[in-house]
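Novice: Contents of input_1.txt (compact mmCIF, C-alpha atoms):
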# COMPACT_ATOMS: atom_id res chain seq x y z
CA MET L 1 -5.90 24.71 -15.62
CA PRO L 2 -5.10 21.28 -17.14
CA GLY L 3 -5.55 18.47 -14.64
CA ILE L 4 -4.40 14.98 -13.73
CA LEU L 5 -6.53 11.82 -13.86
CA VAL L 6 -5.31 8.86 -11.76
CA TYR L 7 -6.84 5.41 -12.38
CA SER L 8 -6.62 2.58 -9.85
CA ALA L 9 -8.15 -0.82 -10.61
CA GLY L 10 -6.96 -2.82 -7.61
CA SER L 11 -8.88 -5.99 -6.79
CA ARG L 12 -6.85 -7.77 -4.10
CA GLY L 13 -6.92 -5.15 -1.37
CA ILE L 14 -6.87 -1.46 -0.58
CA GLY L 15 -3.15 -0.90 -1.21
CA GLN L 16 -3.39 0.24 -4.82
CA THR L 17 -6.29 2.57 -4.05
CA MET L 18 -4.34 4.16 -1.19
CA ARG L 19 -1.30 4.62 -3.44
CA ALA L 20 -3.46 6.27 -6.10
CA ILE L 21 -4.82 8.80 -3.59
CA LYS L 22 -1.32 9.48 -2.25
CA ILE L 23 0.00 10.04 -5.79
CA GLY L 24 -2.88 12.42 -6.45
CA GLN L 25 -2.31 14.43 -3.28
CA LEU L 26 1.45 14.61 -3.76
CA ALA L 27 1.07 15.57 -7.43
CA GLN L 28 -1.34 18.36 -6.53
CA ARG L 29 1.25 19.85 -4.19
CA GLY L 30 4.16 19.26 -6.55
CA LEU L 31 2.49 20.68 -9.66
CA GLU L 32 1.17 24.05 -8.48
CA GLN L 33 -2.18 22.85 -7.13
CA ARG L 34 -3.37 21.44 -10.42
CA PRO L 35 -6.77 19.75 -10.16
CA VAL L 36 -6.53 16.00 -9.58
CA THR L 37 -9.20 13.33 -9.95
CA VAL L 38 -8.67 9.77 -8.67
CA VAL L 39 -10.90 7.05 -10.10
CA CYS L 40 -10.95 3.95 -7.90
CA CYS L 41 -13.10 1.27 -6.29
CA GLN L 42 -15.58 2.22 -3.61
CA ILE L 43 -14.03 1.55 -0.17
CA PRO L 44 -16.27 3.11 2.50
CA PRO L 45 -13.56 4.04 5.06
CA LEU L 46 -11.86 6.21 2.43
CA ASN L 47 -14.97 8.38 2.20
CA SER L 48 -13.85 10.10 5.40
CA LEU L 49 -10.58 11.31 3.90
CA ASN L 50 -10.18 15.07 4.12
CA SER L 51 -8.61 15.80 0.76
CA ASP L 52 -8.63 18.41 -1.97
CA VAL L 53 -8.30 15.58 -4.48
CA GLN L 54 -11.57 14.56 -6.11
CA VAL L 55 -12.21 10.82 -5.71
CA LEU L 56 -14.76 9.11 -7.97
CA HIS L 57 -16.11 5.57 -7.63
CA PRO L 58 -17.84 4.34 -10.81
CA PRO L 59 -20.14 1.47 -9.74
CA SER L 60 -18.95 -0.57 -12.72
CA LEU L 61 -15.35 -0.45 -11.45
CA THR L 62 -16.26 -1.56 -7.92
CA ARG L 63 -18.41 -4.39 -9.28
CA MET L 64 -15.63 -5.46 -11.67
CA ALA L 65 -13.16 -5.68 -8.79
CA ASP L 66 -15.69 -7.67 -6.74
CA ALA L 67 -16.13 -10.07 -9.67
CA MET L 68 -12.37 -10.55 -9.96
CA ARG L 69 -12.11 -11.38 -6.24
CA ALA L 70 -14.94 -13.89 -6.73
CA ASP L 71 -13.04 -15.34 -9.74
CA ASP L 72 -16.00 -14.63 -12.05
CA ARG L 73 -13.93 -13.67 -15.08
CA GLY L 74 -16.87 -13.55 -17.48
CA LEU L 75 -18.76 -11.02 -15.38
CA ALA L 76 -15.55 -9.07 -14.77
CA ARG L 77 -14.88 -8.73 -18.53
CA SER L 78 -18.44 -7.54 -19.11
CA LEU L 79 -18.10 -4.96 -16.36
CA GLY L 80 -14.67 -4.01 -17.69
CA ALA L 81 -16.25 -2.88 -20.94
CA GLN L 82 -18.63 -0.62 -18.99
CA THR L 83 -15.77 0.62 -16.79
CA ALA L 84 -13.86 1.68 -19.91
CA LEU L 85 -16.85 3.72 -21.12
CA ASP L 86 -17.28 5.29 -17.68
CA LEU L 87 -13.60 6.18 -17.49
CA ILE L 88 -13.67 7.76 -20.96
CA HIS L 89 -16.71 9.79 -19.93
CA ILE L 90 -14.88 11.04 -16.83
CA ALA L 91 -11.82 11.91 -18.92
CA GLU L 92 -13.95 13.85 -21.39
CA GLU L 93 -15.42 15.84 -18.51
CA GLN L 94 -12.08 16.46 -16.78
CA GLN L 95 -9.93 17.00 -19.91
CA PRO L 96 -6.67 15.95 -18.17
CA ASP L 97 -3.32 16.52 -19.79
CA ILE L 98 -1.77 13.76 -17.62
CA PHE L 99 -3.35 10.30 -17.32
CA VAL L 100 -1.86 8.00 -14.67
CA SER L 101 -2.62 4.29 -14.30
CA LEU L 102 -1.43 2.02 -11.50
CA THR L 103 -1.96 -1.10 -13.62
CA LEU L 104 -0.51 -1.91 -17.01
CA GLY L 105 -3.78 -2.62 -18.82
CA GLY L 106 -6.39 -2.47 -16.08
CA LEU L 107 -8.07 -5.47 -14.49
CA THR L 108 -9.56 -7.00 -17.64
CA GLY L 109 -7.77 -5.07 -20.36
CA GLU L 110 -10.24 -2.18 -20.18
CA LEU L 111 -7.44 0.35 -20.78
CA GLU L 112 -7.08 -0.89 -24.38
CA THR L 113 -10.39 0.84 -25.08
CA VAL L 114 -9.57 3.88 -22.94
CA PHE L 115 -6.26 4.50 -24.73
CA ARG L 116 -8.05 4.62 -28.07
CA SER L 117 -10.18 7.57 -26.95
CA ASP L 118 -9.12 10.97 -28.25
CA VAL L 119 -8.91 12.64 -24.85
CA VAL L 120 -6.60 10.03 -23.29
CA ARG L 121 -4.57 9.49 -26.47
CA GLN L 122 -3.74 13.21 -26.48
CA SER L 123 -2.69 13.26 -22.81
CA ARG L 124 0.66 12.36 -21.29
CA ARG L 125 0.29 8.75 -20.13
CA VAL L 126 2.20 7.56 -17.05
CA LEU L 127 2.39 4.05 -15.61
CA ALA L 128 2.88 4.19 -11.82
CA LEU L 129 4.35 1.00 -10.34
CA ARG L 130 5.02 -0.23 -6.82
CA ASP L 131 8.27 -1.72 -5.48
CA ILE L 132 8.17 -5.53 -5.79
CA TYR L 133 7.02 -7.80 -8.63
CA SER L 134 8.12 -11.36 -7.93
CA PRO L 135 7.91 -13.57 -9.76
CA VAL L 136 7.38 -11.49 -12.87
CA THR L 137 5.08 -13.62 -15.01
CA ARG L 138 4.18 -11.18 -17.77
CA GLU L 139 7.40 -9.59 -19.02
CA PHE L 140 6.15 -9.83 -22.62
CA ASP L 141 3.01 -7.96 -21.59
CA TYR L 142 5.15 -5.25 -20.00
CA GLU L 143 7.26 -4.94 -23.14
CA ARG L 144 4.18 -4.54 -25.29
CA GLY L 145 1.94 -2.68 -22.85
CA MET L 146 4.46 -0.01 -21.92
CA GLN L 147 4.49 1.21 -25.50
CA LYS L 148 1.23 3.00 -24.70
CA TYR L 149 2.90 5.00 -21.92
CA ASP L 150 5.16 8.03 -22.22
CA ARG L 151 6.70 7.46 -18.81
CA VAL L 152 7.05 4.71 -16.20
CA SER L 153 7.43 5.88 -12.60
CA VAL L 154 8.37 3.41 -9.87
CA PHE L 155 7.32 4.62 -6.43
CA ALA L 156 10.14 2.91 -4.57
CA PRO L 157 13.88 3.51 -4.18
CA ALA L 158 16.35 2.22 -6.75
CA ALA L 159 17.38 -0.46 -4.21
CA THR L 160 14.30 -2.43 -5.33
CA ALA L 161 15.42 -2.53 -8.98
CA HIS L 162 16.14 -6.28 -8.87
CA TRP L 163 12.43 -6.99 -8.39
CA ILE L 164 11.16 -4.66 -11.10
CA PRO L 165 10.27 -6.17 -14.52
CA GLU L 166 13.26 -6.21 -16.89
CA PRO L 167 11.51 -4.08 -19.56
CA VAL L 168 11.06 -1.35 -16.95
CA ARG L 169 14.72 -1.51 -15.94
CA ARG L 170 15.69 -1.06 -19.58
CA ARG L 171 13.49 2.02 -19.74
CA VAL L 172 15.33 3.43 -16.73
CA THR L 173 18.66 3.16 -18.55
CA GLU L 174 17.06 4.86 -21.55
CA GLY L 175 15.84 7.74 -19.39
CA ARG L 176 12.14 6.95 -19.89
CA ALA L 177 11.52 5.59 -16.39
CA GLY L 178 12.74 6.34 -12.89
CA TYR L 179 12.64 5.48 -9.19
CA TYR L 180 11.00 8.06 -6.94
CA GLY L 181 10.83 6.52 -3.46
CA TYR L 182 8.03 5.16 -1.31
CA LEU L 183 4.88 7.23 -0.94
CA PRO L 184 4.72 8.71 2.59
CA PRO L 185 1.62 8.47 4.80
CA LEU L 186 -1.42 10.58 4.03
CA GLY L 187 -1.38 13.94 5.78
CA THR L 188 2.42 14.09 6.18
CA PHE L 189 3.38 15.57 2.83
CA GLY L 190 4.43 18.87 4.35
CA THR L 191 6.71 17.22 6.91
CA ARG L 192 10.30 18.28 6.32
CA GLN L 193 11.83 15.39 8.23
CA PRO L 194 10.26 11.95 8.77
CA PRO L 195 9.88 11.14 12.49
CA GLY L 196 11.61 7.81 11.80
CA TRP L 197 14.84 9.76 11.24
CA SER L 198 15.47 9.38 14.93
CA VAL L 199 13.84 6.31 16.42
CA SER L 200 13.42 6.59 20.17
CA THR L 201 16.21 4.72 21.92
CA VAL L 202 14.21 4.54 25.12
CA THR L 203 13.22 0.99 25.98
CA ILE L 204 9.46 0.57 26.41
CA ASP L 205 8.47 0.08 30.04
CA THR L 206 6.97 -3.39 29.71
CA GLU L 207 6.57 -3.57 33.50
CA SER L 208 3.73 -1.06 33.33
CA HIS L 209 1.74 -1.27 30.13
CA SER L 210 2.23 -1.69 26.38
CA THR L 211 -0.19 -1.31 23.50
CA LEU L 212 -0.05 -3.58 20.46
CA GLU L 213 -1.92 -3.15 17.20
CA VAL L 214 -2.50 -6.13 14.91
CA SER L 215 -3.42 -4.85 11.45
CA VAL L 216 -4.07 -6.80 8.25
CA GLY L 217 -4.49 -4.13 5.57
CA GLY L 218 -7.38 -4.92 3.25
CA GLY L 219 -8.08 -8.00 5.31
CA TYR L 220 -9.46 -10.41 2.75
CA ASP L 221 -6.89 -13.01 3.84
CA GLY L 222 -5.98 -11.60 7.23
CA ALA L 223 -7.55 -14.13 9.61
CA ALA L 224 -4.46 -16.39 9.72
CA THR L 225 -2.22 -13.43 10.54
CA ILE L 226 -4.49 -12.32 13.40
CA ASP L 227 -4.66 -15.87 14.76
CA ALA L 228 -0.87 -16.31 14.75
CA ALA L 229 -0.28 -12.91 16.34
CA MET L 230 -2.81 -13.53 19.12
CA GLN L 231 -1.35 -16.95 19.92
CA ALA L 232 2.13 -15.45 20.23
CA ILE L 233 0.87 -12.50 22.30
CA GLN L 234 -0.90 -14.86 24.70
CA ARG L 235 2.26 -16.95 25.08
CA LEU L 236 4.21 -13.76 25.80
CA ARG L 237 1.69 -12.65 28.42
CA GLN L 238 1.84 -16.00 30.17
CA ARG L 239 5.64 -16.17 30.13
CA THR L 240 6.39 -12.61 31.23
CA GLY L 241 3.30 -11.35 33.04
CA TRP L 242 3.45 -8.18 30.93
CA GLU L 243 0.26 -6.15 30.69
CA LEU L 244 -0.38 -5.96 26.96
CA SER L 245 -3.40 -4.22 25.50
CA VAL L 246 -4.27 -5.42 22.00
CA LYS L 247 -6.22 -3.68 19.26
CA ILE L 248 -7.20 -5.75 16.22
CA VAL L 249 -7.77 -3.76 13.02
CA LEU L 250 -9.98 -5.66 10.59
CA GLY L 251 -9.56 -4.70 6.94
CA PRO L 252 -12.54 -3.33 4.98
CA LEU L 253 -12.47 -6.33 2.62
CA MET L 254 -12.78 -8.94 5.38
CA GLY L 255 -16.15 -10.67 5.07
CA THR L 256 -18.83 -10.08 7.69
CA GLU L 257 -19.03 -13.77 8.68
CA GLU L 258 -15.27 -14.10 8.98
CA ALA L 259 -15.08 -10.92 11.08
CA ALA L 260 -17.89 -12.20 13.35
CA ALA L 261 -16.07 -15.52 13.80
CA LEU L 262 -12.88 -13.69 14.80
CA ARG L 263 -14.78 -11.57 17.31
CA ARG L 264 -16.17 -14.72 18.93
CA ALA L 265 -12.77 -16.41 19.06
CA LEU L 266 -10.75 -13.51 20.47
CA PRO L 267 -10.48 -12.71 24.20
CA ALA L 268 -13.21 -10.43 25.50
CA ASP L 269 -10.74 -7.69 26.45
CA THR L 270 -9.46 -7.36 22.86
CA ASP L 271 -10.35 -4.08 21.18
CA ILE L 272 -11.62 -4.88 17.66
CA VAL L 273 -12.14 -2.11 15.11
CA ARG L 274 -12.56 -1.76 11.38
CA TRP L 275 -9.75 -0.16 9.40
CA ARG L 276 -9.79 3.53 8.60
CA PRO L 277 -7.05 5.87 7.39
CA GLN L 278 -4.93 7.32 10.17
CA ARG L 279 -1.93 9.57 10.22
CA LYS L 280 -0.07 7.61 12.88
CA ARG L 281 -0.63 4.32 14.63
CA PRO L 282 -0.80 5.19 18.37
CA ALA L 283 0.69 1.89 19.53
CA ASP L 284 3.99 0.81 21.07
CA LEU L 285 4.21 -2.05 18.57
CA VAL L 286 2.45 -2.85 15.29
CA VAL L 287 2.07 -6.44 14.09
CA THR L 288 1.16 -6.53 10.45
CA MET L 289 1.59 -8.26 7.14
CA ALA L 290 4.05 -6.57 4.80
CA GLY L 291 1.88 -4.39 2.59
CA TYR L 292 3.36 -1.39 0.80
CA ASN L 293 1.37 1.26 2.67
CA THR L 294 1.53 -0.15 6.20
CA LEU L 295 5.26 -0.79 6.14
CA SER L 296 6.11 2.57 4.60
CA GLU L 297 3.93 4.28 7.24
CA CYS L 298 5.64 2.39 10.08
CA ALA L 299 9.08 3.18 8.66
CA TRP L 300 8.20 6.86 8.23
CA HIS L 301 6.98 7.21 11.83
CA GLY L 302 9.69 5.05 13.40
CA THR L 303 7.10 2.63 14.79
CA ARG L 304 8.34 -0.66 16.23
CA THR L 305 6.97 -3.29 13.85
CA VAL L 306 6.88 -7.06 13.53
CA CYS L 307 6.02 -8.21 9.99
CA LEU L 308 4.26 -11.47 9.21
CA PRO L 309 4.45 -11.47 5.41
CA ARG L 310 2.10 -13.41 3.20
CA VAL L 311 4.29 -16.25 1.90
CA ASP L 312 3.27 -17.68 -1.45
CA ARG L 313 5.47 -19.22 -4.15
CA THR L 314 3.35 -17.49 -6.78
CA ASP L 315 3.60 -14.10 -5.06
CA ARG L 316 6.73 -13.29 -3.02
CA GLU L 317 6.02 -9.53 -2.86
CA GLN L 318 5.39 -9.29 0.88
CA ASP L 319 8.14 -11.70 1.87
CA ILE L 320 10.75 -9.69 -0.06
CA ARG L 321 9.45 -6.32 1.14
CA GLY L 322 9.44 -7.44 4.77
CA ARG L 323 13.06 -8.57 4.55
CA LEU L 324 14.15 -5.33 2.84
CA PHE L 325 12.47 -3.09 5.42
CA ALA L 326 13.96 -5.14 8.26
CA ARG L 327 17.39 -4.55 6.70
CA TRP L 328 16.85 -0.81 6.20
CA PHE L 329 15.06 0.20 9.41
CA PRO L 330 16.18 -0.93 12.91
CA GLN L 331 12.66 -0.84 14.40
CA ILE L 332 11.25 -3.36 11.89
CA ARG L 333 11.53 -7.14 12.23
CA THR L 334 10.24 -9.89 9.94
CA VAL L 335 9.30 -13.42 11.00
CA ASP L 336 7.45 -16.45 9.64
CA ARG L 337 3.95 -16.39 11.15
CA LYS L 338 3.95 -20.22 11.34
CA ASP L 339 6.89 -20.22 13.75
CA LEU L 340 5.18 -19.22 17.02
CA VAL L 341 8.38 -19.52 19.05
CA ALA L 342 10.22 -17.12 16.74
CA LEU L 343 7.19 -14.83 16.62
CA GLU L 344 6.94 -14.65 20.41
CA ARG L 345 10.68 -13.91 20.59
CA ALA L 346 10.36 -11.18 17.97
CA LEU L 347 7.50 -9.54 19.89
CA SER L 348 9.47 -9.69 23.14
CA ASN L 349 12.61 -8.24 21.56
CA ALA L 350 10.67 -5.53 19.75
CA LEU L 351 9.08 -4.39 23.00
CA SER L 352 12.08 -4.68 25.30
CA SER L 353 15.13 -3.93 23.17
CA ASP L 354 17.01 -0.68 22.77
CA LEU L 355 16.78 0.03 19.05
CA GLY L 356 19.75 2.34 18.86
CA GLN L 357 19.93 5.13 16.31
CA GLY L 358 17.23 5.40 13.65
CA ASN L 359 17.95 5.43 9.93
CA ARG L 360 19.30 8.95 9.36
CA ARG L 361 18.97 8.53 5.60
CA ILE L 362 15.29 7.67 5.82
CA GLN L 363 14.36 10.57 3.53
CA ASP L 364 16.28 8.83 0.73
CA TYR L 365 13.62 6.11 0.71
CA PHE L 366 10.60 8.40 0.32
CA ALA L 367 9.03 10.54 -2.38
CA THR L 368 8.32 14.26 -1.99
CA PRO L 369 5.70 16.40 -3.78
CA ALA L 370 8.43 17.75 -6.07
CA LEU L 371 9.60 14.23 -6.95
CA VAL L 372 6.06 13.04 -7.70
CA GLY L 373 5.46 16.11 -9.84
CA SER L 374 8.62 15.25 -11.77
CA ALA L 375 7.58 11.59 -12.03
CA LEU L 376 4.34 12.55 -13.79
CA ALA L 377 5.20 15.67 -15.78
CA THR L 378 8.75 15.16 -17.10
For this file, write the structure as structure tokens.
Specialist:
Amino acid sequence: MPGILVYSAGSRGIGQTMRAIKIGQLAQRGLEQRPVTVVCCQIPPLNSLNSDVQVLHPPSLTRMADAMRADDRGLARSLGAQTALDLIHIAEEQQPDIFVSLTLGGLTGELETVFRSDVVRQSRRVLALRDIYSPVTREFDYERGMQKYDRVSVFAPAATAHWIPEPVRRRVTEGRAGYYGYLPPLGTFGTRQPPGWSVSTVTIDTESHSTLEVSVGGGYDGAATIDAAMQAIQRLRQRTGWELSVKIVLGPLMGTEEAAALRRALPADTDIVRWRPQRKRPADLVVTMAGYNTLSECAWHGTRTVCLPRVDRTDREQDIRGRLFARWFPQIRTVDRKDLVALERALSNALSSDLGQGNRRIQDYFATPALVGSALAT
């Protein structure tokens, strides 16, 4: 049976890799159990995933991503050439009839070579995009690069259209692109109704005990988020006397020295673990940045969440996403991590407030196996 090959070349974190695996798993269910292979960087925690999707980690791809994070562009380009050859070799072995990429041209332009290969040129080529691109700095590249793709699929609701590159929006009006909703958490694809459809209206009993999780996704720049969250949590403890248990989730890309420094600086009673995939965060409240996967998981499960987005003039993705999710879902709040007073207030309100009714149209924001199958095959 013809298969699907999904290529992820993310270098900044684990988000793109997680989206690639989700697309692969959803596509397998939506397209009659067709074989799926995901090619992505090596991220050790993902090795424990129980999945029928084959996941391959060419060493050249992992090393190329490492070189990009280290800003060694020369080494990255050299490794990109090897990655292209490795990807072509995998495609020749798999013989896919659908080739999906989560980046326009790869990390270093390696897809230029891949698209010239016979096996990929003869396949249906799909560009799979996320929800927010702001500011868009390469609209010309999108205009030119999308010519190599038969379809562009945006895994976000149409409400994010304002932050999608203009060439993609034009493709939507032409019927050659579409919006398919956020990708739900791993392991929930058979769920008929997201738990977040009905957020619990019961106020958390802060007089007894509450559990908070502070999570920073990939973690390469997560130390500032953890520091701000812990300062606000300590202020809240001192002001209210609430018993708050805290679990810190360090991302797999956080350096060993930085992780060790955080362990030394945090209170001894803080539970500190390394990130691994999980179906649901067993916490009363999650404090996180505003990554695609974490926020969509919290929205899906109806988890009370305080977002501390990465704020950067050159990359407003998390700031915009955090504000959108706070507008759409009553259990999600967004605050500037530099404003400790506002952050403490947000934590207090998130723990003690009655949230009211959940978003009963939550399913409108998420993809299904059938939608993902349509996004790739039609």
Novice: Env of segment 72-89 of chain L: 10 Å cut, atoms = all atoms listed in the file, seq-sep filter 4 positions within chain, self excluded. Answer as a PyMOL selection string.
Specialist: chain L and resi 5+7+9+39+58-68+93-95+106-120
Novice: Between atom CA of Leu376 of chain L and atom CA of Phe99 of chain L, what is the distance, to one decimal in Å?
Specialist: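 So the answer is 8.8 Å.
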Novice: Calculated over all atoms listed in the file, which of the candidates L:Asp52, L:Glu174, L:Thr294, L:Gly13 has the smallest distance to Arg29 of chain L?
Specialist: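 Between L:Asp52, L:Glu174, L:Thr294, L:Gly13, the residue approaching Arg29 of chain L most closely is L:Asp52.
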Novice: Neighbours of Arg337 of chain L within 12 Å (all atoms listed in the file; same-chain residues fewer than 6 positions away dropped), as a list in words?
Specialist: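 Residues meeting the cut-off are Gly222, Ala223, Ala224, Thr225, Ile226, Asp227, Ala228, Ala229, Met230, Gln231, Ala232, Val287, Thr288, Met289, Ala290, Val306, Cys307, Leu308, Pro309, Arg310, Val311, Asp319, Leu343, Glu344, Arg345, Ala346 and Leu347 of chain L.
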Novice: Find the distance between atom CA of Gln122 of chain L and atom CA of Leu104 of chain L and write it in Å to one decimal.
Specialist: 18.1 Å
Novice: Using all atoms listed in the file, which of the listed residues (L:Ile4, L:Leu244, L:Arg121, L:Arg274) sits closest to Glu32 of chain L?
Specialist: L:Ile4
Novice: Using all atoms listed in the file, which protein or nucleic acid residues come within 12 Å of Glu258 of chain L? Drop anything in the same chain fewer than 2 positions from it, and give the result as a list in words.
Specialist: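 Selected residues are Gly219, Tyr220, Asp221, Gly222, Ala223, Ala224, Ile226, Leu250, Gly251, Pro252, Leu253, Met254, Gly255, Thr256, Ala260, Ala261, Leu262, Arg263, Arg264 and Ala265 of chain L.
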Novice: Name the closest residue to Arg151 of chain L among the candidates L:Ser134, L:Gln238, L:Ser101, L:Gln54; distances are taken between atoms, counting all atoms listed in the file.
Specialist: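 Of L:Ser134, L:Gln238, L:Ser101, L:Gln54, the one nearest Arg151 of chain L, counting all atoms listed in the file, is L:Ser101.
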Novice: So that I can check the surroundings of Asp97 of chain L, please list as number ranges by chain every protein, DNA and RNA residue that reaches within 7 Å of it, counting all atoms listed in the file and ignoring chain neighbours fewer than 4 positions away.
Specialist: L: 2-4, 123-124
Novice: Return the single residue from L:Ile14, L:Leu127, L:Leu285, L:Ile90 that is closest to Ser352 of chain L, with distances computed using all atoms listed in the file.
Specialist: L:Leu285
Novice: Measuring atom to atom with all atoms listed in the file, identify which of L:Thr211, L:Thr37, L:Thr173, L:Thr303 is nearest to Ala20 of chain L.
Specialist: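 With all atoms listed in the file as the atom set, the closest residue is L:Thr37.
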Novice: Work out how far atom CA of Val273 of chain L is from atom CA of Ile23 of chain L, in Å to one decimal.
Specialist: 27.1 Å
Novice: Taking only C-alpha atoms into account, which of L:Ile164, L:Ala367, L:Ile332, L:Ala377 comes nearest Val136 of chain L?
Specialist: L:Ile164
Novice: Give me, as number ranges by chain, all polymer residues having an atom no more than 12 Å from segment 156-158 of chain L, counting all atoms listed in the file and skipping those fewer than 5 positions away in the same chain.
Specialist: L: 19, 128-133, 163-164, 169, 172, 177-184, 292-293, 296, 321, 324-325, 328, 362-368, 371-372, 375
